[in-house]
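Peer 1: Please find model.pdb (PDB, C-alpha atoms, pLDDT in the B column) on the next line:
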ATOM      1  CA  MET N   5       0.000   0.000   0.000  1.00 78.00           C
ATOM      2  CA  ASP N   6       1.182   3.512  -0.710  1.00 88.00           C
ATOM      3  CA  ILE N   7       0.972   6.343   1.842  1.00 92.00           C
ATOM      4  CA  ASP N   8      -2.227   7.805   0.355  1.00 92.00           C
ATOM      5  CA  GLU N   9      -3.998   4.455   0.539  1.00 92.00           C
ATOM      6  CA  ILE N  10      -2.901   3.968   4.162  1.00 93.00           C
ATOM      7  CA  ARG N  11      -4.124   7.461   5.025  1.00 95.00           C
ATOM      8  CA  ARG N  12      -7.511   6.798   3.357  1.00 94.00           C
ATOM      9  CA  ILE N  13      -8.012   3.603   5.370  1.00 92.00           C
ATOM     10  CA  ASN N  14      -7.004   5.320   8.603  1.00 94.00           C
ATOM     11  CA  LEU N  15      -9.221   8.325   7.883  1.00 95.00           C
ATOM     12  CA  GLN N  16     -12.148   5.933   7.430  1.00 94.00           C
ATOM     13  CA  THR N  17     -11.239   4.438  10.812  1.00 93.00           C
ATOM     14  CA  LEU N  18     -11.396   7.928  12.336  1.00 95.00           C
ATOM     15  CA  ALA N  19     -14.785   8.478  10.693  1.00 94.00           C
ATOM     16  CA  ASP N  20     -16.021   5.177  12.173  1.00 93.00           C
ATOM     17  CA  GLU N  21     -14.666   6.094  15.627  1.00 92.00           C
ATOM     18  CA  ASN N  22     -16.328   9.512  15.530  1.00 93.00           C
ATOM     19  CA  GLY N  23     -19.785   8.523  14.324  1.00 93.00           C
ATOM     20  CA  GLY N  24     -19.370   8.863  10.571  1.00 93.00           C
ATOM     21  CA  VAL N  25     -17.975  11.157   7.918  1.00 94.00           C
ATOM     22  CA  VAL N  26     -20.326  14.047   8.711  1.00 95.00           C
ATOM     23  CA  LYS N  27     -19.391  14.067  12.416  1.00 96.00           C
ATOM     24  CA  LEU N  28     -15.689  13.705  11.624  1.00 96.00           C
ATOM     25  CA  ALA N  29     -15.913  16.610   9.160  1.00 96.00           C
ATOM     26  CA  ASP N  30     -17.628  18.739  11.821  1.00 96.00           C
ATOM     27  CA  LEU N  31     -14.942  17.831  14.353  1.00 96.00           C
ATOM     28  CA  LEU N  32     -12.205  18.754  11.876  1.00 97.00           C
ATOM     29  CA  GLY N  33     -13.919  21.936  10.712  1.00 96.00           C
ATOM     30  CA  LYS N  34     -13.861  20.609   7.141  1.00 95.00           C
ATOM     31  CA  ASP N  35     -16.577  20.221   4.545  1.00 94.00           C
ATOM     32  CA  GLN N  36     -18.134  16.743   4.557  1.00 94.00           C
ATOM     33  CA  SER N  37     -17.536  16.402   0.816  1.00 92.00           C
ATOM     34  CA  GLN N  38     -13.822  17.100   1.269  1.00 92.00           C
ATOM     35  CA  VAL N  39     -13.473  14.402   3.935  1.00 94.00           C
ATOM     36  CA  SER N  40     -15.460  11.970   1.755  1.00 93.00           C
ATOM     37  CA  GLN N  41     -13.221  12.723  -1.218  1.00 92.00           C
ATOM     38  CA  TRP N  42     -10.110  12.065   0.877  1.00 94.00           C
ATOM     39  CA  ILE N  43     -11.505   8.741   2.066  1.00 93.00           C
ATOM     40  CA  ARG N  44     -12.629   7.625  -1.403  1.00 91.00           C
ATOM     41  CA  GLY N  45      -9.539   8.972  -3.139  1.00 90.00           C
ATOM     42  CA  SER N  46     -11.727  10.865  -5.589  1.00 90.00           C
ATOM     43  CA  ILE N  47      -9.980  11.948  -8.761  1.00 90.00           C
ATOM     44  CA  ASN N  48      -8.712  15.516  -8.658  1.00 85.00           C
ATOM     45  CA  SER N  49     -10.003  17.198 -11.822  1.00 85.00           C
ATOM     46  CA  GLY N  50      -6.870  19.347 -12.039  1.00 87.00           C
ATOM     47  CA  THR N  51      -4.279  16.567 -11.766  1.00 88.00           C
ATOM     48  CA  GLY N  52      -6.267  13.495 -12.794  1.00 88.00           C
ATOM     49  CA  LYS N  53      -4.880  11.702  -9.729  1.00 86.00           C
ATOM     50  CA  PRO N  54      -6.688  10.484  -6.592  1.00 87.00           C
ATOM     51  CA  ARG N  55      -7.014  13.147  -3.915  1.00 85.00           C
ATOM     52  CA  GLY N  56      -4.520  12.813  -1.118  1.00 86.00           C
ATOM     53  CA  MET N  57      -3.810  14.674   2.087  1.00 92.00           C
ATOM     54  CA  ARG N  58      -0.749  16.769   2.746  1.00 93.00           C
ATOM     55  CA  ALA N  59       1.423  15.807   5.704  1.00 95.00           C
ATOM     56  CA  ALA N  60       0.527  19.054   7.523  1.00 96.00           C
ATOM     57  CA  THR N  61      -3.179  18.266   7.115  1.00 96.00           C
ATOM     58  CA  CYS N  62      -2.607  14.762   8.492  1.00 96.00           C
ATOM     59  CA  ARG N  63      -0.802  16.111  11.557  1.00 96.00           C
ATOM     60  CA  GLU N  64      -3.675  18.578  12.164  1.00 96.00           C
ATOM     61  CA  ILE N  65      -6.245  15.768  11.891  1.00 97.00           C
ATOM     62  CA  GLU N  66      -4.235  13.581  14.282  1.00 96.00           C
ATOM     63  CA  ARG N  67      -4.014  16.379  16.868  1.00 95.00           C
ATOM     64  CA  THR N  68      -7.727  17.122  16.606  1.00 96.00           C
ATOM     65  CA  CYS N  69      -8.652  13.436  16.961  1.00 95.00           C
ATOM     66  CA  GLY N  70      -6.226  12.775  19.824  1.00 93.00           C
ATOM     67  CA  LYS N  71      -3.994  10.431  17.841  1.00 94.00           C
ATOM     68  CA  PRO N  72      -0.203  10.342  18.057  1.00 93.00           C
ATOM     69  CA  SER N  73       1.803  12.123  15.387  1.00 93.00           C
ATOM     70  CA  ASN N  74       2.124  10.086  12.160  1.00 94.00           C
ATOM     71  CA  TRP N  75      -0.775   7.803  13.171  1.00 94.00           C
ATOM     72  CA  LEU N  76      -2.458   8.389   9.805  1.00 96.00           C
ATOM     73  CA  ASP N  77       0.725   7.279   8.013  1.00 95.00           C
ATOM     74  CA  GLN N  78       0.950   3.875   9.719  1.00 93.00           C
ATOM     75  CA  ASP N  79      -0.662   0.659   8.507  1.00 90.00           C
ATOM     76  CA  HIS N  80      -2.846  -0.486  11.408  1.00 83.00           C
ATOM     77  CA  THR N  81      -4.536  -3.345   9.533  1.00 77.00           C
ATOM     78  CA  LEU N  82      -2.290  -6.092  10.949  1.00 69.00           C
ATOM     79  CA  LEU N  83      -2.840  -4.874  14.508  1.00 61.00           C
ATOM     80  CA  ALA N  84      -6.602  -4.658  13.880  1.00 59.00           C
ATOM     81  CA  SER N  85      -6.721  -8.248  12.615  1.00 60.00           C
ATOM     82  CA  VAL N  86      -4.780  -9.457  15.658  1.00 57.00           C
ATOM     83  CA  LYS N  87      -7.188  -7.579  17.952  1.00 58.00           C
ATOM     84  CA  ALA N  88     -10.205  -8.979  16.078  1.00 57.00           C
ATOM     85  CA  ASP N  89      -8.958 -12.526  16.681  1.00 57.00           C
ATOM     86  CA  TYR N  90      -8.238 -11.908  20.361  1.00 57.00           C
ATOM     87  CA  VAL N  91     -10.866 -13.257  22.724  1.00 56.00           C
ATOM     88  CA  PRO N  92     -10.210 -12.309  26.338  1.00 58.00           C
ATOM     89  CA  LEU N  93     -10.918 -14.680  29.173  1.00 71.00           C
ATOM     90  CA  TRP N  94     -14.268 -13.264  30.260  1.00 75.00           C
ATOM     91  CA  PRO N  95     -16.415 -15.277  32.651  1.00 76.00           C
ATOM     92  CA  PHE N  96     -19.558 -13.129  32.400  1.00 77.00           C
ATOM     93  CA  GLU N  97     -22.005 -14.345  29.772  1.00 77.00           C
ATOM     94  CA  ASN N  98     -24.479 -11.467  30.181  1.00 84.00           C
ATOM     95  CA  ILE N  99     -22.035  -8.597  30.687  1.00 83.00           C
ATOM     96  CA  SER N 100     -20.455  -6.933  27.664  1.00 84.00           C
ATOM     97  CA  TYR N 101     -16.649  -6.978  27.792  1.00 79.00           C
ATOM     98  CA  GLU N 102     -16.548  -4.161  25.214  1.00 81.00           C
ATOM     99  CA  LYS N 103     -18.803  -1.919  27.311  1.00 87.00           C
ATOM    100  CA  VAL N 104     -16.832  -2.596  30.491  1.00 84.00           C
ATOM    101  CA  LYS N 105     -13.598  -1.681  28.650  1.00 83.00           C
ATOM    102  CA  GLN N 106     -15.130   1.687  27.751  1.00 86.00           C
ATOM    103  CA  LEU N 107     -15.879   2.677  31.362  1.00 84.00           C
ATOM    104  CA  SER N 108     -13.993   5.552  32.919  1.00 87.00           C
ATOM    105  CA  GLN N 109     -11.392   4.746  35.572  1.00 88.00           C
ATOM    106  CA  ARG N 110     -13.781   6.006  38.238  1.00 89.00           C
ATOM    107  CA  ASP N 111     -16.611   3.752  37.045  1.00 88.00           C
ATOM    108  CA  LEU N 112     -14.256   0.767  36.772  1.00 87.00           C
ATOM    109  CA  ILE N 113     -13.290   1.259  40.414  1.00 88.00           C
ATOM    110  CA  ARG N 114     -16.981   1.402  41.394  1.00 91.00           C
ATOM    111  CA  LEU N 115     -17.757  -1.756  39.410  1.00 90.00           C
ATOM    112  CA  GLU N 116     -14.800  -3.593  40.895  1.00 88.00           C
ATOM    113  CA  ALA N 117     -15.874  -2.600  44.411  1.00 89.00           C
ATOM    114  CA  GLY N 118     -19.347  -3.989  43.722  1.00 90.00           C
ATOM    115  CA  ILE N 119     -17.905  -7.271  42.489  1.00 88.00           C
ATOM    116  CA  GLU N 120     -15.703  -7.514  45.580  1.00 88.00           C
ATOM    117  CA  ILE N 121     -18.736  -6.999  47.869  1.00 91.00           C
ATOM    118  CA  VAL N 122     -20.768  -9.721  46.144  1.00 90.00           C
ATOM    119  CA  ALA N 123     -17.769 -12.087  46.110  1.00 87.00           C
ATOM    120  CA  LYS N 124     -17.286 -11.538  49.851  1.00 89.00           C
ATOM    121  CA  ASP N 125     -20.999 -12.301  50.432  1.00 91.00           C
ATOM    122  CA  LEU N 126     -20.482 -15.550  48.490  1.00 90.00           C
ATOM    123  CA  GLY N 127     -17.495 -16.400  50.669  1.00 91.00           C
ATOM    124  CA  LEU N 128     -15.011 -15.900  47.825  1.00 88.00           C
ATOM    125  CA  ASP N 129     -11.631 -14.342  48.523  1.00 88.00           C
ATOM    126  CA  ILE N 130     -10.922 -12.738  45.164  1.00 83.00           C
ATOM    127  CA  VAL N 131      -8.999  -9.662  46.294  1.00 79.00           C
ATOM    128  CA  LYS N 132      -5.321  -9.711  45.360  1.00 72.00           C
ATOM    129  CA  THR N 133      -2.987  -9.399  48.307  1.00 67.00           C
ATOM    130  CA  ASN N 134      -0.625  -7.154  46.353  1.00 57.00           C
ATOM    131  CA  SER N 135      -3.334  -4.815  45.036  1.00 48.00           C
ATOM    132  CA  PRO N 136      -2.545  -1.101  45.033  1.00 52.00           C
ATOM    133  CA  PRO N 137      -4.448   0.953  47.598  1.00 52.00           C
ATOM    134  CA  LYS N 138      -8.007   1.819  46.584  1.00 53.00           C
ATOM    135  CA  THR N 139      -8.997   5.352  45.716  1.00 53.00           C
ATOM    136  CA  GLU N 140     -12.218   6.259  47.445  1.00 53.00           C
ATOM    137  CA  VAL N 141     -15.033   7.035  45.036  1.00 52.00           C
ATOM    138  CA  ALA N 142     -17.976   9.196  46.061  1.00 49.00           C
TER     139      ALA N 142
END
Just give me the structure of the file as structure tokens.
Peer 2:
Amino acid sequence: MDIDEIRRINLQTLADENGGVVKLADLLGKDQSQVSQWIRGSINSGTGKPRGMRAATCREIERTCGKPSNWLDQDHTLLASVKADYVPLWPFENISYEKVKQLSQRDLIRLEAGIEIVAKDLGLDIVKTNSPPKTEVA
């Protein structure tokens, strides 16, 4: 893949992460048609070549979207396929692993405390002895 193709794939990933092309365009302060043309690699009528993004534009997009510098230039497809094949050890049939992963640190601490309380009621000693001290959550 060439750099423009990698950037198109990664820009589509950013669109997916941000709720679509329209929302990504709004976030970037760009016209939706411009973002769509970048993703599709629409032919530039002046050059006859697929539209690409300049490096400075890529760095601006990365900053706006909270990605590290040069993120748009890197092929993430291998990592994505490895992640897609990864199935974590998750004992809870009716609790979404993906949703738990998205919780804030504060909410994770609250959830963990709840699990510890129920485990204690069941007579289970699941608390690690070398756990870091708990931060109190209001």
Peer 1: To one decimal in Å, tell me the separation between CA of Gly23 (chain N) and CA of Ile99 (chain N).
Peer 2: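 Distance reported for this atom pair: 23.8 Å.
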Peer 1: Do you know which residues the PyMOL selection byres ((chain N and resi 67-75) around 12) returns on this file, as a PyMOL selection string?
Peer 2: chain N and resi 7+10-15+17-19+21-22+27-34+58-66+76-80
Peer 1: Hey, can you spit out that residue selection with C-alpha atoms as a PDB file, in the frame of the given file?
Peer 2:
ATOM      1  CA  ILE N   7       0.972   6.343   1.842  1.00 92.00           C
ATOM      2  CA  ILE N  10      -2.901   3.968   4.162  1.00 93.00           C
ATOM      3  CA  ARG N  11      -4.124   7.461   5.025  1.00 95.00           C
ATOM      4  CA  ARG N  12      -7.511   6.798   3.357  1.00 94.00           C
ATOM      5  CA  ILE N  13      -8.012   3.603   5.370  1.00 92.00           C
ATOM      6  CA  ASN N  14      -7.004   5.320   8.603  1.00 94.00           C
ATOM      7  CA  LEU N  15      -9.221   8.325   7.883  1.00 95.00           C
ATOM      8  CA  THR N  17     -11.239   4.438  10.812  1.00 93.00           C
ATOM      9  CA  LEU N  18     -11.396   7.928  12.336  1.00 95.00           C
ATOM     10  CA  ALA N  19     -14.785   8.478  10.693  1.00 94.00           C
ATOM     11  CA  GLU N  21     -14.666   6.094  15.627  1.00 92.00           C
ATOM     12  CA  ASN N  22     -16.328   9.512  15.530  1.00 93.00           C
ATOM     13  CA  LYS N  27     -19.391  14.067  12.416  1.00 96.00           C
ATOM     14  CA  LEU N  28     -15.689  13.705  11.624  1.00 96.00           C
ATOM     15  CA  ALA N  29     -15.913  16.610   9.160  1.00 96.00           C
ATOM     16  CA  ASP N  30     -17.628  18.739  11.821  1.00 96.00           C
ATOM     17  CA  LEU N  31     -14.942  17.831  14.353  1.00 96.00           C
ATOM     18  CA  LEU N  32     -12.205  18.754  11.876  1.00 97.00           C
ATOM     19  CA  GLY N  33     -13.919  21.936  10.712  1.00 96.00           C
ATOM     20  CA  LYS N  34     -13.861  20.609   7.141  1.00 95.00           C
ATOM     21  CA  ARG N  58      -0.749  16.769   2.746  1.00 93.00           C
ATOM     22  CA  ALA N  59       1.423  15.807   5.704  1.00 95.00           C
ATOM     23  CA  ALA N  60       0.527  19.054   7.523  1.00 96.00           C
ATOM     24  CA  THR N  61      -3.179  18.266   7.115  1.00 96.00           C
ATOM     25  CA  CYS N  62      -2.607  14.762   8.492  1.00 96.00           C
ATOM     26  CA  ARG N  63      -0.802  16.111  11.557  1.00 96.00           C
ATOM     27  CA  GLU N  64      -3.675  18.578  12.164  1.00 96.00           C
ATOM     28  CA  ILE N  65      -6.245  15.768  11.891  1.00 97.00           C
ATOM     29  CA  GLU N  66      -4.235  13.581  14.282  1.00 96.00           C
ATOM     30  CA  LEU N  76      -2.458   8.389   9.805  1.00 96.00           C
ATOM     31  CA  ASP N  77       0.725   7.279   8.013  1.00 95.00           C
ATOM     32  CA  GLN N  78       0.950   3.875   9.719  1.00 93.00           C
ATOM     33  CA  ASP N  79      -0.662   0.659   8.507  1.00 90.00           C
ATOM     34  CA  HIS N  80      -2.846  -0.486  11.408  1.00 83.00           C
TER      35      HIS N  80
END
Peer 1: What does the distance between CA of Tyr101 (chain N) and CA of Leu115 (chain N) come to in Å, to one decimal place?
Peer 2: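 Spanning CA of Tyr101 (chain N) to CA of Leu115 (chain N) is a straight-line distance of 12.8 Å.
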Peer 1: To one decimal in Å, tell me the separation between CA of Leu112 (chain N) and CA of Asp129 (chain N).
Peer 2: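 Distance reported for this atom pair: 19.3 Å.
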Peer 1: Extending 6 Å beyond the listed atoms of region 15-27 of chain N on each side, what axis-aligned box results? I want centre and edge lengths in Å to one decimal, as JSON.
Peer 2:
{"center_x": -14.8, "center_y": 9.3, "center_z": 11.5, "size_x": 23.1, "size_y": 21.6, "size_z": 20.2}
Peer 1: Which residues, protein or nucleic acid, reach to within 9 Å of (-15.2, -4.5, 35.3) in the file's coordinates when using only C-alpha atoms, and can you give that as JSON, numbers by chain?
Peer 2: {"N": [101, 104, 105, 107, 111, 112, 113, 114, 115, 116, 119]}
Peer 1: Measuring atom to atom with only C-alpha atoms, identify which of N:Gly56, N:Gly118, N:Pro95, N:Gly50 is nearest to Asp6 (chain N).
Peer 2: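 Checking each of N:Gly56, N:Gly118, N:Pro95, N:Gly50 against Asp6 (chain N), counting only C-alpha atoms, the winner is N:Gly56.
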